[in-house]
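Enquirer: Structure file my_file15.cif (mmCIF, C-alpha atoms and all ligand atoms) is given on the next line.
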data_input
#
loop_
_atom_site.label_atom_id
_atom_site.label_comp_id
_atom_site.auth_asym_id
_atom_site.auth_seq_id
_atom_site.Cartn_x
_atom_site.Cartn_y
_atom_site.Cartn_z
CA MET A 1 16.18 -14.60 30.89
CA GLY A 2 13.18 -12.29 31.29
CA GLN A 3 13.15 -8.52 31.11
CA PRO A 4 14.76 -7.01 34.26
CA PRO A 5 12.40 -5.20 36.62
CA ILE A 6 11.93 -1.51 37.20
CA ILE A 7 14.05 -0.71 40.24
CA ILE A 8 12.70 1.82 42.69
CA ILE A 9 15.16 3.25 45.20
CA GLY A 10 13.44 4.10 48.47
CA ALA A 11 10.67 2.35 50.38
CA GLY A 12 8.97 5.50 51.62
CA ILE A 13 5.55 6.64 50.49
CA SER A 14 6.81 7.94 47.12
CA GLY A 15 8.62 4.71 46.19
CA LEU A 16 5.99 2.32 47.53
CA SER A 17 3.05 4.14 45.94
CA LEU A 18 4.89 4.32 42.61
CA ALA A 19 5.74 0.61 42.81
CA LYS A 20 2.08 -0.18 43.40
CA ALA A 21 0.99 2.00 40.48
CA LEU A 22 3.53 0.31 38.18
CA MET A 23 2.39 -3.14 39.29
CA ASP A 24 -1.24 -2.11 38.74
CA LYS A 25 -0.18 -1.33 35.17
CA GLY A 26 1.43 -4.74 34.68
CA GLN A 27 5.10 -3.98 35.41
CA SER A 28 7.49 -6.00 37.53
CA VAL A 29 9.18 -3.99 40.28
CA LEU A 30 12.02 -4.29 42.75
CA VAL A 31 12.08 -1.78 45.61
CA LEU A 32 15.41 -1.29 47.38
CA ASP A 33 15.86 0.52 50.66
CA GLY A 34 19.06 1.14 52.61
CA GLY A 35 17.06 0.87 55.84
CA ARG A 36 13.61 -0.47 56.65
CA VAL A 37 10.28 0.15 54.95
CA GLY A 38 8.99 3.59 55.99
CA ALA A 39 12.10 4.41 58.00
CA GLY A 40 12.66 7.78 56.30
CA ALA A 41 10.40 10.85 56.49
CA SER A 42 7.42 8.61 55.74
CA GLY A 43 7.62 6.86 59.10
CA ALA A 44 7.65 10.16 60.99
CA ALA A 45 4.70 11.77 59.24
CA ALA A 46 1.45 12.67 60.94
CA ALA A 47 -0.04 11.85 57.51
CA TYR A 48 -2.83 14.33 57.66
CA LEU A 49 -4.24 14.98 54.26
CA GLU A 50 -5.09 18.68 54.07
CA PRO A 51 -5.23 20.15 50.58
CA ARG A 52 -4.01 23.70 50.16
CA THR A 53 -5.82 26.85 49.11
CA GLY A 54 -4.59 29.00 46.18
CA SER A 55 -4.93 28.35 42.50
CA GLY A 56 -1.71 26.58 41.45
CA GLY A 57 -1.20 23.11 40.07
CA LEU A 58 -0.36 21.68 43.48
CA ARG A 59 -3.82 22.64 44.69
CA ALA A 60 -5.38 20.58 41.88
CA ILE A 61 -3.12 17.61 42.64
CA GLU A 62 -3.93 17.77 46.34
CA TRP A 63 -7.73 18.00 46.02
CA GLU A 64 -7.79 15.23 43.44
CA SER A 65 -5.56 13.09 45.63
CA LEU A 66 -7.77 13.66 48.67
CA ALA A 67 -10.77 12.54 46.62
CA ARG A 68 -8.92 9.33 45.69
CA TRP A 69 -7.50 8.57 49.15
CA PRO A 70 -10.48 6.78 50.75
CA THR A 71 -10.69 4.17 47.98
CA TYR A 72 -6.90 4.00 47.71
CA ALA A 73 -6.49 3.31 51.43
CA GLN A 74 -9.47 0.96 51.56
CA LYS A 75 -8.03 -1.26 48.81
CA VAL A 76 -4.67 -1.52 50.58
CA ALA A 77 -6.37 -2.11 53.95
CA GLU A 78 -8.63 -4.85 52.59
CA ALA A 79 -5.94 -6.64 50.60
CA THR A 80 -3.63 -6.79 53.61
CA ALA A 81 -6.21 -6.98 56.42
CA THR A 82 -4.65 -3.92 58.05
CA ASP A 83 -6.42 -1.28 60.10
CA LEU A 84 -4.83 1.91 58.76
CA ASP A 85 -6.61 4.12 61.31
CA TYR A 86 -8.01 6.05 58.35
CA ARG A 87 -10.16 8.92 59.64
CA ARG A 88 -12.32 11.45 57.86
CA SER A 89 -13.13 13.48 60.94
CA GLY A 90 -11.62 16.74 59.65
CA LEU A 91 -9.79 19.28 61.74
CA ILE A 92 -10.45 22.15 64.08
CA HIS A 93 -8.04 25.04 63.56
CA VAL A 94 -7.73 27.18 66.69
CA ALA A 95 -5.93 30.30 67.87
CA GLN A 96 -5.21 32.29 70.97
CA GLU A 97 -5.34 36.10 70.82
CA ASP A 98 -1.85 36.40 69.25
CA GLY A 99 -2.78 34.04 66.42
CA LEU A 100 -6.20 35.51 65.66
CA PRO A 101 -5.27 37.68 62.61
CA ARG A 102 -3.63 34.69 60.91
CA LEU A 103 -6.56 32.41 61.70
CA GLN A 104 -8.99 34.97 60.22
CA ARG A 105 -6.83 35.28 57.09
CA GLU A 106 -6.70 31.54 56.58
CA PHE A 107 -10.44 31.19 57.19
CA LYS A 108 -11.09 33.83 54.54
CA GLN A 109 -8.77 32.11 52.05
CA ARG A 110 -10.57 28.83 52.60
CA GLN A 111 -13.95 30.50 52.11
CA GLU A 112 -12.80 32.27 48.94
CA ALA A 113 -11.52 28.96 47.59
CA GLY A 114 -15.03 27.57 48.04
CA THR A 115 -14.10 25.17 50.85
CA HIS A 116 -16.77 24.48 53.44
CA VAL A 117 -15.49 25.97 56.72
CA THR A 118 -17.38 26.98 59.86
CA TRP A 119 -16.21 29.79 62.14
CA LEU A 120 -16.34 29.14 65.90
CA THR A 121 -16.02 31.33 68.97
CA GLY A 122 -13.70 30.07 71.70
CA ASP A 123 -16.67 28.61 73.60
CA GLU A 124 -18.02 26.94 70.47
CA ALA A 125 -14.57 25.45 69.81
CA ARG A 126 -14.47 24.09 73.38
CA ALA A 127 -17.97 22.65 72.94
CA GLU A 128 -16.57 20.69 69.94
CA GLU A 129 -13.38 19.67 71.76
CA PRO A 130 -13.69 20.04 75.56
CA ALA A 131 -9.93 19.55 76.13
CA LEU A 132 -9.11 22.83 74.36
CA SER A 133 -7.56 25.60 76.46
CA GLU A 134 -9.65 28.42 77.97
CA ALA A 135 -7.19 30.79 76.26
CA ILE A 136 -8.44 29.86 72.80
CA VAL A 137 -10.42 32.77 71.40
CA ALA A 138 -11.62 31.35 68.09
CA GLY A 139 -11.39 28.52 65.61
CA TYR A 140 -12.89 27.04 62.49
CA THR A 141 -13.71 23.54 61.41
CA LEU A 142 -12.63 22.11 58.08
CA ASP A 143 -14.22 18.76 57.34
CA GLN A 144 -12.31 17.84 54.19
CA VAL A 145 -9.19 16.65 55.98
CA HIS A 146 -8.36 12.98 56.46
CA THR A 147 -5.63 11.26 58.48
CA LEU A 148 -4.09 7.81 58.49
CA ASP A 149 -1.33 5.93 60.27
CA ALA A 150 1.73 6.55 58.09
CA ARG A 151 3.83 3.64 59.34
CA LYS A 152 1.00 1.16 59.04
CA PHE A 153 0.27 2.36 55.52
CA CYS A 154 3.89 1.93 54.41
CA SER A 155 4.07 -1.57 55.91
CA ALA A 156 0.75 -2.52 54.35
CA ILE A 157 1.63 -1.29 50.87
CA ALA A 158 4.97 -3.17 51.05
CA ALA A 159 3.06 -6.31 52.09
CA LEU A 160 0.69 -5.81 49.18
CA LEU A 161 3.57 -5.51 46.70
CA ARG A 162 5.11 -8.74 48.01
CA GLN A 163 1.73 -10.49 47.96
CA ARG A 164 1.46 -9.65 44.26
CA GLY A 165 4.94 -10.86 43.34
CA GLY A 166 6.89 -7.62 43.67
CA GLU A 167 10.12 -7.54 45.66
CA VAL A 168 10.91 -5.13 48.49
CA LEU A 169 14.45 -5.50 49.83
CA GLU A 170 15.41 -3.76 53.06
CA ASP A 171 18.94 -3.03 54.31
CA THR A 172 20.07 -2.77 50.68
CA GLU A 173 21.72 0.57 50.08
CA VAL A 174 22.18 1.75 46.52
CA LEU A 175 25.73 2.98 46.07
CA SER A 176 25.82 3.88 42.37
CA ILE A 177 24.00 3.53 39.07
CA ALA A 178 25.53 3.08 35.63
CA ALA A 179 24.23 2.67 32.07
CA ASP A 180 24.68 -0.89 30.81
CA GLY A 181 23.77 -1.42 27.16
CA PRO A 182 20.04 -0.82 26.76
CA GLY A 183 19.46 -1.10 30.51
CA LEU A 184 21.02 -0.02 33.77
CA VAL A 185 23.04 -1.66 36.50
CA VAL A 186 22.48 -0.70 40.11
CA HIS A 187 25.38 -1.34 42.50
CA THR A 188 24.11 -2.02 46.02
CA SER A 189 25.63 -2.92 49.36
CA ARG A 190 24.50 -6.51 48.61
CA GLY A 191 25.67 -6.83 45.02
CA ASP A 192 24.54 -5.71 41.56
CA GLU A 193 21.00 -5.62 40.18
CA ARG A 194 20.02 -5.12 36.55
CA ALA A 195 17.13 -2.82 35.74
CA ALA A 196 15.04 -1.85 32.75
CA LYS A 197 14.50 1.54 34.39
CA VAL A 198 15.46 3.05 37.74
CA VAL A 199 13.48 5.55 39.79
CA LEU A 200 14.98 7.66 42.55
CA CYS A 201 12.41 7.90 45.35
CA CYS A 202 15.10 8.29 47.96
CA ALA A 203 14.62 11.90 49.09
CA MET A 204 17.93 13.10 50.64
CA GLY A 205 19.56 9.84 49.51
CA ARG A 206 19.69 11.26 45.98
CA ASN A 207 22.68 13.37 47.08
CA HIS A 208 24.79 10.36 48.02
CA ILE A 209 24.36 7.93 45.12
CA ALA A 210 27.35 7.98 42.78
CA GLY A 211 27.05 8.23 39.01
CA LEU A 212 23.90 10.31 38.87
CA PRO A 213 23.76 12.99 36.19
CA ASP A 214 23.61 16.69 37.06
CA ASP A 215 20.14 17.09 35.58
CA ILE A 216 18.65 15.21 38.53
CA PRO A 217 18.20 17.84 41.21
CA LEU A 218 19.97 17.73 44.58
CA SER A 219 17.86 17.78 47.72
CA ARG A 220 18.14 19.91 50.85
CA PRO A 221 16.88 18.88 54.30
CA VAL A 222 14.14 20.19 56.54
CA ARG A 223 13.98 18.08 59.70
CA GLY A 224 10.62 17.27 61.23
CA VAL A 225 10.09 15.88 64.73
CA MET A 226 6.82 14.56 66.16
CA LEU A 227 6.10 13.20 69.62
CA ASP A 228 3.98 10.11 70.08
CA LEU A 229 2.03 10.41 73.34
CA ALA A 230 0.24 7.53 75.05
CA GLY A 231 -3.41 8.17 75.91
CA ASP A 232 -6.55 6.54 77.20
CA ALA A 233 -8.29 4.56 74.44
CA ALA A 234 -11.63 4.83 76.24
CA ARG A 235 -11.36 8.61 76.68
CA PRO A 236 -9.23 10.16 73.92
CA LEU A 237 -8.28 13.77 74.67
CA VAL A 238 -9.44 15.04 71.27
CA ARG A 239 -11.79 13.55 68.69
CA ARG A 240 -10.55 15.34 65.63
CA MET A 241 -7.23 16.83 64.64
CA VAL A 242 -6.43 20.13 66.33
CA LYS A 243 -4.35 22.52 64.25
CA HIS A 244 -2.64 25.65 65.58
CA SER A 245 -0.15 28.15 64.19
CA LYS A 246 2.87 25.93 64.95
CA GLY A 247 1.60 22.45 64.26
CA VAL A 248 -0.98 19.80 64.98
CA ILE A 249 -2.29 17.52 67.70
CA CYS A 250 -3.39 14.45 65.84
CA PRO A 251 -5.49 11.67 67.45
CA ARG A 252 -4.49 8.10 66.67
CA ALA A 253 -5.73 4.65 67.61
CA GLY A 254 -5.68 3.65 71.27
CA GLY A 255 -6.06 7.25 72.48
CA ARG A 256 -2.53 8.13 71.30
CA LEU A 257 -1.75 11.66 70.17
CA LEU A 258 0.90 12.78 67.71
CA VAL A 259 2.21 16.24 68.54
CA GLY A 260 4.40 18.39 66.29
CA PRO A 261 5.98 18.69 63.81
CA THR A 262 9.05 20.88 63.88
CA SER A 263 10.34 22.41 60.67
CA GLU A 264 14.12 22.77 61.00
CA LYS A 265 15.87 23.89 57.81
CA GLY A 266 19.31 22.41 57.19
CA GLU A 267 19.09 20.03 60.17
CA THR A 268 19.96 16.42 59.32
CA SER A 269 20.64 14.86 62.71
CA LEU A 270 18.30 12.09 63.79
CA ALA A 271 19.31 12.70 67.42
CA VAL A 272 16.75 15.05 68.94
CA GLN A 273 17.80 17.48 71.68
CA GLU A 274 15.64 17.59 74.81
CA THR A 275 14.86 21.28 74.21
CA VAL A 276 13.15 20.32 70.94
CA THR A 277 10.83 17.81 72.61
CA THR A 278 10.12 20.15 75.53
CA ASP A 279 9.24 22.99 73.15
CA LEU A 280 6.92 20.73 71.14
CA LEU A 281 5.10 19.60 74.25
CA GLU A 282 4.79 23.13 75.62
CA MET A 283 3.49 24.42 72.30
CA ALA A 284 0.83 21.70 72.18
CA ALA A 285 -0.06 22.36 75.84
CA ARG A 286 -0.91 26.00 75.02
CA PHE A 287 -3.84 24.62 73.04
CA VAL A 288 -4.63 21.33 74.82
CA PRO A 289 -3.19 21.68 78.36
CA ALA A 290 -3.82 18.05 79.34
CA VAL A 291 -1.16 16.81 76.88
CA ARG A 292 1.29 17.58 79.74
CA THR A 293 -0.15 14.61 81.62
CA LEU A 294 0.54 12.14 78.81
CA GLU A 295 3.63 10.00 78.58
CA CYS A 296 5.82 10.45 75.50
CA THR A 297 6.43 6.93 74.21
CA ASP A 298 8.32 7.72 71.02
CA THR A 299 10.04 10.57 69.22
CA LEU A 300 9.56 10.39 65.47
CA VAL A 301 12.21 12.08 63.33
CA GLY A 302 12.19 12.48 59.58
CA ILE A 303 14.04 14.56 57.04
CA ARG A 304 11.76 16.15 54.47
CA ALA A 305 13.63 16.71 51.22
CA LEU A 306 13.16 19.84 49.12
CA THR A 307 14.71 20.89 45.84
CA GLY A 308 15.22 24.33 44.28
CA ASP A 309 11.99 26.29 44.69
CA GLY A 310 10.63 23.49 46.88
CA ALA A 311 8.03 22.35 44.35
CA LEU A 312 7.57 18.74 43.36
CA LYS A 313 10.25 17.41 40.97
CA LEU A 314 9.34 14.50 38.71
CA GLY A 315 10.89 13.34 35.47
CA GLN A 316 13.53 11.50 33.54
CA SER A 317 17.19 12.35 33.12
CA ARG A 318 18.16 13.55 29.66
CA ALA A 319 21.78 12.62 30.28
CA VAL A 320 20.96 9.02 31.28
CA PRO A 321 17.54 8.10 29.86
CA GLY A 322 15.90 5.36 31.88
CA VAL A 323 16.80 7.03 35.18
CA TYR A 324 13.67 8.68 36.58
CA TYR A 325 13.08 10.65 39.75
CA SER A 326 10.28 11.47 42.16
CA LEU A 327 11.74 14.03 44.52
CA SER A 328 11.02 17.14 46.61
CA HIS A 329 7.85 15.86 48.23
CA GLY A 330 8.50 18.18 51.18
CA GLY A 331 5.69 18.15 53.71
CA SER A 332 2.99 16.66 51.46
CA GLY A 333 4.26 13.31 50.19
CA PHE A 334 1.34 11.37 51.62
CA LEU A 335 -1.34 13.78 50.54
CA ARG A 336 -0.26 13.79 46.88
CA ALA A 337 0.76 10.13 46.55
CA PRO A 338 -2.27 8.64 44.76
CA VAL A 339 -2.16 11.14 41.89
CA VAL A 340 1.61 11.54 41.64
CA ALA A 341 2.26 7.78 41.62
CA ASP A 342 -0.45 7.04 39.09
CA GLU A 343 0.55 9.71 36.59
CA LEU A 344 4.30 9.22 36.98
CA ALA A 345 3.77 5.52 36.28
CA ASP A 346 1.78 6.44 33.15
CA TYR A 347 4.61 8.70 32.02
CA MET A 348 7.21 5.98 32.63
CA LEU A 349 5.29 3.63 30.36
CA ASP A 350 4.53 6.21 27.67
CA GLU A 351 6.59 9.37 27.22
CA ALA A 352 3.57 11.03 25.56
CA ALA A 353 1.03 10.16 28.30
CA PRO A 354 -1.07 13.25 29.11
CA CYS A 355 -0.51 13.35 32.92
CA PRO A 356 -3.01 16.20 33.40
CA PHE A 357 -2.34 16.83 37.09
CA ILE A 358 1.45 16.52 37.33
CA SER A 359 2.44 17.91 33.92
CA ALA A 360 3.64 21.26 35.35
CA TYR A 361 6.07 19.39 37.64
CA LEU A 362 7.17 16.76 35.14
CA SER A 363 10.38 17.14 33.17
CA ARG A 364 9.82 15.15 29.96
CA LEU A 365 12.49 14.04 27.51
CA THR A 366 10.49 15.30 24.57
CA THR A 367 8.45 18.46 24.28
CA ALA A 368 4.99 18.22 22.72
C1 LIG B 1 7.51 15.09 60.99
C2 LIG B 1 6.90 15.01 59.62
C3 LIG B 1 5.53 15.17 59.49
C4 LIG B 1 4.94 15.07 58.22
N1 LIG B 1 3.59 15.16 58.10
C5 LIG B 1 3.02 14.99 56.87
C6 LIG B 1 1.62 15.04 56.73
O1 LIG B 1 0.90 15.21 57.70
N2 LIG B 1 1.08 14.85 55.48
C7 LIG B 1 1.88 14.61 54.38
O2 LIG B 1 1.36 14.45 53.28
N3 LIG B 1 3.22 14.57 54.50
C8 LIG B 1 3.80 14.77 55.71
N4 LIG B 1 5.14 14.76 55.85
C9 LIG B 1 5.95 14.68 54.63
C10 LIG B 1 6.08 13.25 54.15
O3 LIG B 1 6.46 12.44 55.22
C11 LIG B 1 7.14 13.23 53.03
O4 LIG B 1 6.74 14.10 51.99
C12 LIG B 1 7.23 11.82 52.48
O5 LIG B 1 7.45 10.90 53.52
C13 LIG B 1 8.37 11.74 51.48
O6 LIG B 1 8.39 10.41 51.06
P1 LIG B 1 9.62 9.82 50.28
O7 LIG B 1 9.27 8.43 49.99
O8 LIG B 1 9.96 10.73 49.14
O9 LIG B 1 10.86 9.95 51.29
P2 LIG B 1 11.25 9.05 52.55
O10 LIG B 1 10.09 8.60 53.32
O11 LIG B 1 12.31 9.82 53.28
O12 LIG B 1 11.85 7.75 51.90
C14 LIG B 1 13.10 7.73 51.25
C15 LIG B 1 13.66 6.34 51.45
O13 LIG B 1 14.82 6.23 50.64
C16 LIG B 1 15.74 5.41 51.33
N5 LIG B 1 17.08 5.68 50.78
C17 LIG B 1 17.79 6.83 50.80
N6 LIG B 1 18.97 6.67 50.17
C18 LIG B 1 18.99 5.38 49.74
C19 LIG B 1 19.96 4.61 49.04
N7 LIG B 1 21.13 5.12 48.62
N8 LIG B 1 19.67 3.32 48.78
C20 LIG B 1 18.50 2.75 49.17
N9 LIG B 1 17.56 3.45 49.85
C21 LIG B 1 17.81 4.74 50.12
C22 LIG B 1 15.60 5.83 52.79
O14 LIG B 1 16.06 4.81 53.66
C23 LIG B 1 14.10 6.07 52.89
O15 LIG B 1 13.41 4.94 53.38
C24 LIG B 1 5.77 14.86 57.08
C25 LIG B 1 7.14 14.71 57.23
C26 LIG B 1 7.72 14.78 58.50
C27 LIG B 1 9.20 14.61 58.63
#
Mind converting the file's structure to structure tokens?
Ligand SMILES: Cc1cc2nc3c(=O)[nH]c(=O)nc-3n(C[C@H](O)[C@H](O)[C@H](O)COP(=O)(O)OP(=O)(O)OC[C@H]3O[C@@H](n4cnc5c(N)ncnc54)[C@H](O)[C@@H]3O)c2cc1C

Expert:
Amino acid sequence: MGQPPIIIIGAGISGLSLAKALMDKGQSVLVLDGGRVGAGASGAAAAYLEPRTGSGGLRAIEWESLARWPTYAQKVAEATATDLDYRRSGLIHVAQEDGLPRLQREFKQRQEAGTHVTWLTGDEARAEEPALSEAIVAGYTLDQVHTLDARKFCSAIAALLRQRGGEVLEDTEVLSIAADGPGLVVHTSRGDERAAKVVLCCAMGRNHIAGLPDDIPLSRPVRGVMLDLAGDAARPLVRRMVKHSKGVICPRAGGRLLVGPTSEKGETSLAVQETVTTDLLEMAARFVPAVRTLECTDTLVGIRALTGDGALKLGQSRAVPGVYYSLSHGGSGFLRAPVVADELADYMLDEAAPCPFISAYLSRLTTA
């Protein structure tokens, strides 16, 4: 009997990208998901890739990840013949009078961080995007922002894993994990699986799996809702992503627009009240009034999971070595995926691997 695989719990962006990185490094993987591929937060994401300002470690991860994304996405797209709707058209960040001080502050922060941004008057913003409201007083463009179709990406990466001999099992909920000699046994709703190592990439699901040690952090929920609006493929309302103080209006293939997201702390329900969708639509209409004319064809709901201070949490349990975790991806799981997956995979294969970008967020068994 061969060596059991590395089991990854969760077929969202964190689990799928890690599985790919491990396979790239020669490992055999089994991904288990209690639902469908990309059915968690990953399937609800706008998946805009906008690195932050500031000077912390997350900034370095995010800029490096953005630099890797075009090649990363291209390889997945080519191998699976999928159009990921990957766009590098940047964003236009706009404000009405009440949002002007914040817009100016953010513009200044971007400039001070050395990012190329261009300030626009209201009229200049409307010249860039004619559907913008007359009430917009200013904006700025930021070219270094990419977007992709989150659901298509998750499906494509799962297809790629299968193509290369990895397994991705849906409707297979992990109930508990236990140490078993030198390895681990994972009890699922469909029976037991043996594993050389296990990685928790299951966001809020971490809180419900039995047998996990206390040194793996619990997650707390922040619900996000986005509306998927049908549009005219020949005449899309906006060309590039429009950002405002409460969210984004994100163009997608076929003239569709994603509008949102909400950020509702503590909310776990996947049933969305009508007031939530009405508020999202009205908020978007303040900036692009014609969104009111579009039909809402889908409501996307996802629970972002955060832990402790909300920063990324990566590592290995001291209490049960061999159980790893990739948690607390919050609102940036797509953006950071190429770097996080690659370095976490390195760490899983060599405790002493340098992991230059993620080291501040990585809890190692040994200290250097
Ligand atoms: C509305 C919204 C908009 C967003 N926009 C962006 C954005 O523009 N850019 C960006 O970078 N990020 C964005 N995010 C954040 C991003 O979606 C998350 O950071 C990312 O999806 C987290 O990925 P994950 O794989 O950790 O979690 P998830 O995608 O939630 O995946 C976890 C998976 O684990 C499975 N699972 C749970 N428990 C078990 C169990 N016991 N057994 C088996 N499987 C289990 C679930 O079924 C699920 O599929 C957004 C999120 C939301 C909600």

Enquirer: Taking a cut-off of 7 Å and counting all atoms listed in the file, can you build a table that, for each residue of chain A near ligand LIG 1 (chain B), reports the nearest atom pair and how far apart they are in Å (one decimal), sorted by chain then residue number, as a Markdown table?

Expert:
| residue | atom | partner | partner_atom | distance |
| --- | --- | --- | --- | --- |
| A:Ile9 | CA | B:LIG1 | C20 | 5.2 |
| A:Gly10 | CA | B:LIG1 | O13 | 3.3 |
| A:Ala11 | CA | B:LIG1 | O15 | 4.8 |
| A:Gly12 | CA | B:LIG1 | O7 | 3.4 |
| A:Ile13 | CA | B:LIG1 | O7 | 4.2 |
| A:Ser14 | CA | B:LIG1 | O7 | 3.8 |
| A:Gly15 | CA | B:LIG1 | O7 | 5.4 |
| A:Leu32 | CA | B:LIG1 | C20 | 5.4 |
| A:Asp33 | CA | B:LIG1 | N9 | 3.5 |
| A:Gly34 | CA | B:LIG1 | C20 | 3.8 |
| A:Gly35 | CA | B:LIG1 | O14 | 4.6 |
| A:Arg36 | CA | B:LIG1 | O15 | 6.3 |
| A:Val37 | CA | B:LIG1 | O15 | 5.9 |
| A:Gly38 | CA | B:LIG1 | O15 | 5.3 |
| A:Ala39 | CA | B:LIG1 | O15 | 4.8 |
| A:Gly40 | CA | B:LIG1 | O11 | 3.7 |
| A:Ala41 | CA | B:LIG1 | O11 | 3.9 |
| A:Ser42 | CA | B:LIG1 | O5 | 3.2 |
| A:Gly43 | CA | B:LIG1 | O10 | 6.5 |
| A:Ala44 | CA | B:LIG1 | C1 | 4.9 |
| A:Ala45 | CA | B:LIG1 | C4 | 3.5 |
| A:Ala46 | CA | B:LIG1 | O1 | 4.2 |
| A:Ala47 | CA | B:LIG1 | O1 | 3.5 |
| A:Tyr48 | CA | B:LIG1 | O1 | 3.8 |
| A:Leu49 | CA | B:LIG1 | N2 | 5.5 |
| A:Thr172 | CA | B:LIG1 | C20 | 5.9 |
| A:Glu173 | CA | B:LIG1 | N8 | 3.7 |
| A:Val174 | CA | B:LIG1 | N8 | 3.7 |
| A:Leu175 | CA | B:LIG1 | N7 | 5.7 |
| A:Cys201 | CA | B:LIG1 | O8 | 5.3 |
| A:Cys202 | CA | B:LIG1 | O13 | 3.4 |
| A:Ala203 | CA | B:LIG1 | O9 | 4.8 |
| A:Met204 | CA | B:LIG1 | C17 | 6.3 |
| A:Gly205 | CA | B:LIG1 | N6 | 3.3 |
| A:Arg206 | CA | B:LIG1 | N6 | 6.3 |
| A:His208 | CA | B:LIG1 | N7 | 6.4 |
| A:Ile209 | CA | B:LIG1 | N7 | 5.5 |
| A:Arg223 | CA | B:LIG1 | C27 | 6.0 |
| A:Gly224 | CA | B:LIG1 | C1 | 3.8 |
| A:Val225 | CA | B:LIG1 | C1 | 4.6 |
| A:Met226 | CA | B:LIG1 | C1 | 5.2 |
| A:Gly260 | CA | B:LIG1 | C1 | 7.0 |
| A:Pro261 | CA | B:LIG1 | C1 | 4.8 |
| A:Thr262 | CA | B:LIG1 | C1 | 6.7 |
| A:Leu300 | CA | B:LIG1 | C1 | 6.8 |
| A:Val301 | CA | B:LIG1 | C1 | 6.1 |
| A:Gly302 | CA | B:LIG1 | C27 | 3.8 |
| A:Ile303 | CA | B:LIG1 | C27 | 5.1 |
| A:Arg304 | CA | B:LIG1 | C27 | 5.1 |
| A:Leu327 | CA | B:LIG1 | O8 | 6.0 |
| A:Ser328 | CA | B:LIG1 | O8 | 7.0 |
| A:His329 | CA | B:LIG1 | O4 | 4.3 |
| A:Gly330 | CA | B:LIG1 | O4 | 4.5 |
| A:Gly331 | CA | B:LIG1 | C9 | 3.6 |
| A:Ser332 | CA | B:LIG1 | O2 | 3.3 |
| A:Gly333 | CA | B:LIG1 | O4 | 3.2 |
| A:Phe334 | CA | B:LIG1 | O2 | 3.5 |
| A:Leu335 | CA | B:LIG1 | O2 | 3.9 |
| A:Arg336 | CA | B:LIG1 | O2 | 6.6 |

Enquirer: I need the residue nearest Leu161 in chain A from this list: A:Lys20, A:Arg59, A:Lys25, A:His93. Use only C-alpha atoms for the distance.

Expert: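 Ranked by minimum distance to Leu161 in chain A, first place goes to A:Lys20.
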
Enquirer: To one decimal place, how far is CA of Lys152 in chain A from CA of Ala77 in chain A in Å?

Expert: 9.5 Å

Enquirer: Using CA of Gly114 in chain A and CA of Gly139 in chain A as the two end points, give the distance in Å to one decimal.

Expert: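 It comes out at 18.0 Å.
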
Enquirer: Determine the nearest neighbour of Asp180 in chain A from the options A:Pro289, A:Lys75, A:Gly322, A:Lys108, counting all atoms listed in the file.

Expert: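 Using all atoms listed in the file, Asp180 in chain A sits closest to A:Gly322.
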
Enquirer: Counting all atoms listed in the file, note down every residue that has an atom within 10 Å of the point (5.4, -6.1, 29.3) (file coordinates), as a PyMOL selection string.

Expert: chain A and resi 3+25-28+349

Enquirer: Dig up all the protein and nucleic acid residues within 12 Å of (-7.0, 8.4, 55.0) in the file frame, using all atoms listed in the file, and format them as number ranges by chain.

Expert: A: 46-50, 65-77, 83-90, 144-150, 152-153, 252, 334-338

Enquirer: Neighbouring residues of Ser55 in chain A were defined as those with any atom within 12 Å, considering all atoms listed in the file; residues of the same chain fewer than 6 positions away were excluded. Please report them as a JSON list (two decimals) with C-alpha atoms, in the frame of the given file.

Expert:
[["chain", "number", "residue", "atom", "x", "y", "z"],
["A", 61, "ILE", "CA", -3.12, 17.61, 42.64],
["A", 62, "GLU", "CA", -3.93, 17.77, 46.34],
["A", 63, "TRP", "CA", -7.73, 18.00, 46.02],
["A", 109, "GLN", "CA", -8.77, 32.11, 52.05],
["A", 110, "ARG", "CA", -10.57, 28.83, 52.60],
["A", 112, "GLU", "CA", -12.80, 32.27, 48.94],
["A", 113, "ALA", "CA", -11.52, 28.96, 47.59],
["A", 114, "GLY", "CA", -15.03, 27.57, 48.04]]

Enquirer: Using all atoms listed in the file, which protein or nucleic acid residues come within 6 Å of Gly255 in chain A? Drop anything in the same chain fewer than 5 positions from it, and give the result as a PDB file with C-alpha atoms, in the frame of the given file.

Expert:
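Final output, result-v9.pdb:
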ATOM      1  CA  GLY A 231      -3.410   8.170  75.910  1.00  0.00           C
ATOM      2  CA  ASP A 232      -6.550   6.540  77.200  1.00  0.00           C
ATOM      3  CA  ALA A 233      -8.290   4.560  74.440  1.00  0.00           C
ATOM      4  CA  PRO A 236      -9.230  10.160  73.920  1.00  0.00           C
TER       5      PRO A 236
END

Enquirer: Separation of CA of Cys296 in chain A and CA of Glu282 in chain A, in Å?

Expert: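 For CA of Cys296 in chain A relative to CA of Glu282 in chain A, the distance reads 12.7 Å.
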
Enquirer: Could you give me, as a PyMOL selection string, the residues within 10 Å of range 122-131 of chain A, counting all atoms listed in the file and dropping anything in the same chain fewer than 2 positions from it?

Expert: chain A and resi 92-96+119-120+133-141+236-242+287-291

Enquirer: Let me have the centre and edge lengths of the axis-aligned box enclosing all listed atoms of range 327-334 of chain A with 3 Å padding on every side, in Å to one decimal, as JSON.

Expert:
{"center_x": 6.5, "center_y": 14.8, "center_z": 49.1, "size_x": 16.4, "size_y": 12.8, "size_z": 15.2}
